[in-house]
Amino acid sequence: MFKLTKGKIILISGILAAVSFLLKELIGYHPATITVMMISTLIAGTPIFKKAIGAIRYRIVGIDALVTIAVVGAVIIGEYWEATAVTFLFMLGDYLESRTIEKTRSSIKALLDLAPDIARVKREGEEIEISPQEVIQGDLVIVKPGEKISIDGTIIQGSAYINQAAITGESIAVSRTIDETVFSGTIIESGYLIIRADRVGDDTTFARILHMVEEAQDKKAKTQKFLEKFSRFYTPAVILLSVVMYFVTWDIRLALTLLVIACPGALVISAPVSIMAGIGNGAKNGVLVKGGEVMENLSRVRVVAFDKTGTLTIGKPVVTNIKAYNIDENELLRIAAIGESYSEHPLAKAIINKAEEILGKVIEQPKDMEIITGQGLKFGFDDKVYYIGNRKLFEDKIDLNPYEDYLKSEEQKAQTAVIIGTTDNIYGIISIADIIREDTKALIRNLKAQGIKRTVMLTGDNNRAAKAIAQEIGLDDYYSELLPEDKVRVLKELQQKYGRVAMVGDGVNDAPALASADLGIAVGGAGKDVAMETADVVLLSSKISKLSYATGLSRATVRNMKQNIIFALLVAGVLLAGVLIKTVNLSFGMLVHEISVLLVIINAVRLLGYKKAKKVKAK
């Protein structure tokens, strides 16, 4: 069966409408003129009528129903030209709207275009090309210059410069070599890699980002939910008002015109189109915002709380000093490395790396290792039970007074002092320092310029080290020596005192705090399951400066949404006044209505050009 596309419907009905207008001007409402008008009305109006009937079946009275009633009424009273003009303008507007809305999805389309289409794998000694969906975990994937990586995996041979813009939003290529991780959707600019496939198909970081962005666009903001609820009651109310208007004035044209100009199209679309554009812009720039409600909440944040290790610092601390007591320094380092061998904490990795650098690979294994949350760990080795951790771990086990002067001197240098000992002796103190991210100070300044009332740090570190870092960065306050449950408690206190609080962490051991804050924000979340699932906002790159971009984008998005709503209401009010004083007719009302919808969409499209966080005044 032959079916006209929307474009062809508009073209044919437009030509017929133009011909009928000329005929009307030349020969008036001749049967030929009326015939051409009715054919045009049927061609343009049929899709509208079908949508109206389909919606009514589900008890939804929408814009299409209002237009259908108005058009049928116009034909009944002999206003054939009005019927022709209204149906053509409505279809033209609908077509232009859909084309313009596609522009707001351009960021998502750009991501889809980056999806790899082939994978070159090595099987049974041969290189074969297959679909990325056919790659299985453990396959060896070969990637050459200019090609897209099709899996998440670990490099086992080669080195390359990789463009990770699809994941992190940053176009500067990064160097990757053996034992480092790479992501699907990224592109090798130079070099050659053989990669072991760790995550494949829909489990890759790239696929999950796409899925989350698509889900986010369906998660509605509170404003959007309110407008949709409002429109469900508004449209039937408009029909009732038109009926009442007719019986009051006995002016059928006035009643039908009211139906058309009262269409809430611009108002209904004002929120979702802005949210869609904002989420798309964020995804393109390495900021994953999980829905319209999150976007609104982010714009209203008043306090930003930061974790320290891996968030304000690069998360790769290094050993700066080793102080041994009645034991050789190398032996102290060996014992510490054995104890930390199963720990995932960044401080543990610093100790292990230092031990490997000085002693080589430490192969001994600890016995009965036990993680003591927020304090350190306990383990057995050579028939002794050792403890490694902070002051809290030892304060009820041994007298630390003889070591206080040294501990304080290290802590005042913003060093983290890791104590190693038993319940009988302290064997030594290993000092560890983490490097503050280079963009942290600028971030704090930008957040304050954007109206954030307070920036604080929550850390398990000692008070002196926390104070030194907080002062260097320019934070308003800091809370030290916190256990995970303490962080949750502090966040609640901040919420009660200042209002909406966002918690920023690296997503590894911050899950409780990220979940309990009004908004959880994970830094460097690419490839981290906990971060991507727990956080409301994921900064996919390790650049913490993306946070000011995210807050700026959220405020620009909400501001854009408010502009659209106010504009839509003003247009509706002016048109209503025009109808009541009989200066707006049916076709002109439809024209203004469609123009207002287009202007709302075009205003939202501006968000795609948002580049950097702008300074805003605190509310």
# chains A, B, ... in the order shown; residues from 1 in each chain; ligands from 1
call {"tool": "residues_around", "arguments": {"residues": "Ile155 in chain A", "least_positions_apart": "6", "cutoff": "10 Å", "atoms": "only C-alpha atoms", "output": "list in words"}}
result
Leu140, Val141, Ile142, Arg176, Thr177, Ile178, Asp179, Glu180, Thr181, Val182, Leu193, Ile194, Ile195, Arg196 and Ala197 of chain A
call {"tool": "write_last_selection", "arguments": {"atoms": "C-alpha atoms", "output": "short mmCIF file (atom, residue, chain, number, x, y, z; two decimals), in the first residue's frame"}}
result
data_model
loop_
_atom_site.label_atom_id
_atom_site.label_comp_id
_atom_site.auth_asym_id
_atom_site.auth_seq_id
_atom_site.Cartn_x
_atom_site.Cartn_y
_atom_site.Cartn_z
CA LEU A 140 43.20 -11.19 21.79
CA VAL A 141 42.08 -8.11 19.85
CA ILE A 142 44.47 -6.42 17.43
CA ARG A 176 48.90 3.72 26.88
CA THR A 177 51.23 0.72 27.11
CA ILE A 178 51.50 -2.85 28.48
CA ASP A 179 49.28 -3.71 31.51
CA GLU A 180 47.22 -0.52 31.15
CA THR A 181 43.48 -0.47 30.50
CA VAL A 182 41.79 0.79 27.33
CA LEU A 193 48.13 -2.80 20.27
CA ILE A 194 47.23 -6.36 21.14
CA ILE A 195 44.57 -6.23 23.84
CA ARG A 196 43.10 -8.96 26.04
CA ALA A 197 39.32 -8.57 26.01
#
call {"tool": "residues_around", "arguments": {"residues": "range 298-311 of chain A", "least_positions_apart": "4", "cutoff": "6 Å", "atoms": "only C-alpha atoms", "output": "list in words"}}
result
Val294, Gly315, Ile452, Lys453, Arg454, Thr455, Val456, Met457, Leu458, Thr459, Arg500, Val501, Ala502, Met503, Val504, Gly505, Asp506, Ser554 and Arg555 of chain A
call {"tool": "write_last_selection", "arguments": {"atoms": "C-alpha atoms", "output": "PDB file, in the first residue's frame"}}
result
ATOM      1  CA  VAL A 294      19.398  15.048  38.619  1.00  0.00           C
ATOM      2  CA  GLY A 315      44.964   8.924  44.052  1.00  0.00           C
ATOM      3  CA  ILE A 452      28.237  27.308  45.928  1.00  0.00           C
ATOM      4  CA  LYS A 453      27.965  28.388  49.572  1.00  0.00           C
ATOM      5  CA  ARG A 454      30.464  25.989  51.066  1.00  0.00           C
ATOM      6  CA  THR A 455      33.186  23.554  49.957  1.00  0.00           C
ATOM      7  CA  VAL A 456      34.392  20.962  52.466  1.00  0.00           C
ATOM      8  CA  MET A 457      36.603  17.881  52.600  1.00  0.00           C
ATOM      9  CA  LEU A 458      35.684  14.603  54.307  1.00  0.00           C
ATOM     10  CA  THR A 459      38.642  12.292  54.941  1.00  0.00           C
ATOM     11  CA  ARG A 500      21.278  20.604  49.217  1.00  0.00           C
ATOM     12  CA  VAL A 501      24.656  18.797  49.408  1.00  0.00           C
ATOM     13  CA  ALA A 502      26.641  17.038  46.688  1.00  0.00           C
ATOM     14  CA  MET A 503      29.263  14.456  47.620  1.00  0.00           C
ATOM     15  CA  VAL A 504      32.216  14.070  45.256  1.00  0.00           C
ATOM     16  CA  GLY A 505      34.313  10.907  45.393  1.00  0.00           C
ATOM     17  CA  ASP A 506      36.233   8.491  43.213  1.00  0.00           C
ATOM     18  CA  SER A 554      23.013  22.252  34.925  1.00  0.00           C
ATOM     19  CA  ARG A 555      22.309  25.888  35.746  1.00  0.00           C
TER      20      ARG A 555
END
call {"tool": "select_by_dssp", "arguments": {"residues": "range 186-425 of chain A", "states": "strand (DSSP E or B)", "output": "ChimeraX atom specification"}}
result
/A:187-199,287-289,303-307,313,318-324,367-372,376-381,384-389,416-421
call {"tool": "write_last_selection", "arguments": {"atoms": "C-alpha atoms", "output": "mmCIF file, in the first residue's frame"}}
result
data_model
loop_
_atom_site.group_PDB
_atom_site.id
_atom_site.type_symbol
_atom_site.label_atom_id
_atom_site.label_comp_id
_atom_site.auth_asym_id
_atom_site.auth_seq_id
_atom_site.Cartn_x
_atom_site.Cartn_y
_atom_site.Cartn_z
ATOM 1 C CA ILE A 187 40.588 5.466 18.684
ATOM 2 C CA ILE A 188 44.288 4.705 18.205
ATOM 3 C CA GLU A 189 45.944 7.772 16.688
ATOM 4 C CA SER A 190 49.377 6.168 16.471
ATOM 5 C CA GLY A 191 50.853 2.865 17.556
ATOM 6 C CA TYR A 192 49.808 -0.778 17.508
ATOM 7 C CA LEU A 193 48.129 -2.802 20.269
ATOM 8 C CA ILE A 194 47.229 -6.358 21.136
ATOM 9 C CA ILE A 195 44.568 -6.227 23.835
ATOM 10 C CA ARG A 196 43.104 -8.960 26.036
ATOM 11 C CA ALA A 197 39.323 -8.565 26.010
ATOM 12 C CA ASP A 198 38.086 -8.097 29.592
ATOM 13 C CA ARG A 199 34.633 -6.636 28.851
ATOM 14 C CA VAL A 287 29.807 14.422 32.011
ATOM 15 C CA LEU A 288 27.126 11.771 32.496
ATOM 16 C CA VAL A 289 24.010 13.271 34.152
ATOM 17 C CA VAL A 303 27.408 22.614 49.471
ATOM 18 C CA VAL A 304 30.004 20.431 47.767
ATOM 19 C CA ALA A 305 31.756 17.856 49.961
ATOM 20 C CA PHE A 306 34.893 16.167 48.610
ATOM 21 C CA ASP A 307 36.604 12.929 49.483
ATOM 22 C CA THR A 313 44.435 14.248 45.031
ATOM 23 C CA VAL A 318 54.009 7.661 47.090
ATOM 24 C CA VAL A 319 56.187 6.753 50.049
ATOM 25 C CA THR A 320 58.229 9.793 51.070
ATOM 26 C CA ASN A 321 59.948 8.574 54.267
ATOM 27 C CA ILE A 322 60.526 5.389 56.277
ATOM 28 C CA LYS A 323 61.290 5.564 59.992
ATOM 29 C CA ALA A 324 62.204 2.260 61.646
ATOM 30 C CA LYS A 367 47.710 -15.003 57.220
ATOM 31 C CA ASP A 368 44.259 -14.243 58.594
ATOM 32 C CA MET A 369 44.201 -10.740 57.166
ATOM 33 C CA GLU A 370 41.363 -8.573 58.486
ATOM 34 C CA ILE A 371 40.390 -5.121 57.210
ATOM 35 C CA ILE A 372 39.499 -2.763 60.074
ATOM 36 C CA GLY A 376 43.821 -0.117 58.798
ATOM 37 C CA LEU A 377 44.311 -3.857 58.890
ATOM 38 C CA LYS A 378 45.479 -6.806 60.974
ATOM 39 C CA PHE A 379 47.409 -9.847 59.701
ATOM 40 C CA GLY A 380 49.596 -12.720 60.767
ATOM 41 C CA PHE A 381 53.180 -13.396 59.639
ATOM 42 C CA LYS A 384 53.228 -12.679 65.018
ATOM 43 C CA VAL A 385 50.096 -10.583 64.680
ATOM 44 C CA TYR A 386 50.827 -7.227 63.061
ATOM 45 C CA TYR A 387 48.768 -4.087 62.707
ATOM 46 C CA ILE A 388 49.138 -1.463 59.976
ATOM 47 C CA GLY A 389 47.121 1.739 60.054
ATOM 48 C CA THR A 416 49.862 10.467 55.981
ATOM 49 C CA ALA A 417 51.700 8.515 58.681
ATOM 50 C CA VAL A 418 51.121 4.747 58.488
ATOM 51 C CA ILE A 419 52.123 2.989 61.698
ATOM 52 C CA ILE A 420 53.381 -0.623 61.692
ATOM 53 C CA GLY A 421 53.537 -2.624 64.909
#
call {"tool": "closest_residue", "arguments": {"among": "A:Ala568, A:Leu312, A:Leu22, A:Ile69", "to": "Ile469 in chain A", "atoms": "only C-alpha atoms"}}
result
A:Leu312
call {"tool": "closest_residue", "arguments": {"among": "A:Ala465, A:Ala173, A:Val490, A:Leu539", "to": "Ser516 in chain A", "atoms": "only C-alpha atoms"}}
result
A:Val490
call {"tool": "residues_around", "arguments": {"residues": "range 5-13 of chain A", "least_positions_apart": "3", "cutoff": "10 Å", "atoms": "only C-alpha atoms", "output": "list in words"}}
result
Phe2, Leu16, Ala17, Ala18, Val19, Val36, Met37, Ile39, Ser40, Thr41, Leu42, Ile43, Ala44, Gly45, Thr46, Pro47, Thr84, Ala85, Thr87, Phe88, Leu89, Phe90, Met91, Leu92, Gly93, Asp94, Tyr95 and Leu96 of chain A
call {"tool": "residues_around", "arguments": {"residues": "Glu481 in chain A", "least_positions_apart": "6", "cutoff": "9 Å", "atoms": "only C-alpha atoms", "output": "tab-separated table (two decimals) with N, CA and C atoms, in the first residue's frame"}}
result
chain	number	residue	atom	x	y	z
A	374	GLY	N	38.27	2.04	58.14
A	374	GLY	CA	38.59	3.39	58.57
A	374	GLY	C	39.82	3.49	59.45
A	375	GLN	N	40.47	2.36	59.75
A	375	GLN	CA	41.63	2.39	60.64
A	375	GLN	C	42.86	1.72	60.04
A	392	LYS	N	44.13	5.73	65.26
A	392	LYS	CA	42.96	5.09	65.87
A	392	LYS	C	43.17	3.59	66.06
A	458	LEU	N	35.93	15.68	53.35
A	458	LEU	CA	35.68	14.60	54.31
A	458	LEU	C	36.75	13.54	54.09
A	459	THR	N	37.54	13.24	55.13
A	459	THR	CA	38.64	12.29	54.94
A	459	THR	C	38.89	11.47	56.20
A	460	GLY	N	39.46	10.31	56.01
A	460	GLY	CA	39.86	9.48	57.14
A	460	GLY	C	41.25	9.84	57.64
A	461	ASP	N	41.91	10.78	56.94
A	461	ASP	CA	43.26	11.20	57.32
A	461	ASP	C	43.28	11.91	58.67
A	462	ASN	N	44.49	12.04	59.22
A	462	ASN	CA	44.65	12.74	60.49
A	462	ASN	C	44.35	14.23	60.32
A	463	ASN	N	44.12	14.91	61.42
A	463	ASN	CA	43.68	16.30	61.42
A	463	ASN	C	44.71	17.23	60.80
A	466	ALA	N	44.93	16.79	56.98
A	466	ALA	CA	43.70	17.29	56.37
A	466	ALA	C	43.69	18.82	56.37
call {"tool": "residues_around", "arguments": {"residues": "Glu357 in chain A", "least_positions_apart": "6", "cutoff": "12 Å", "atoms": "only C-alpha atoms", "output": "list in words"}}
result
Val318, Val319, Asn330, Leu333, Arg334, Ala337, Ala350 and Ile351 of chain A
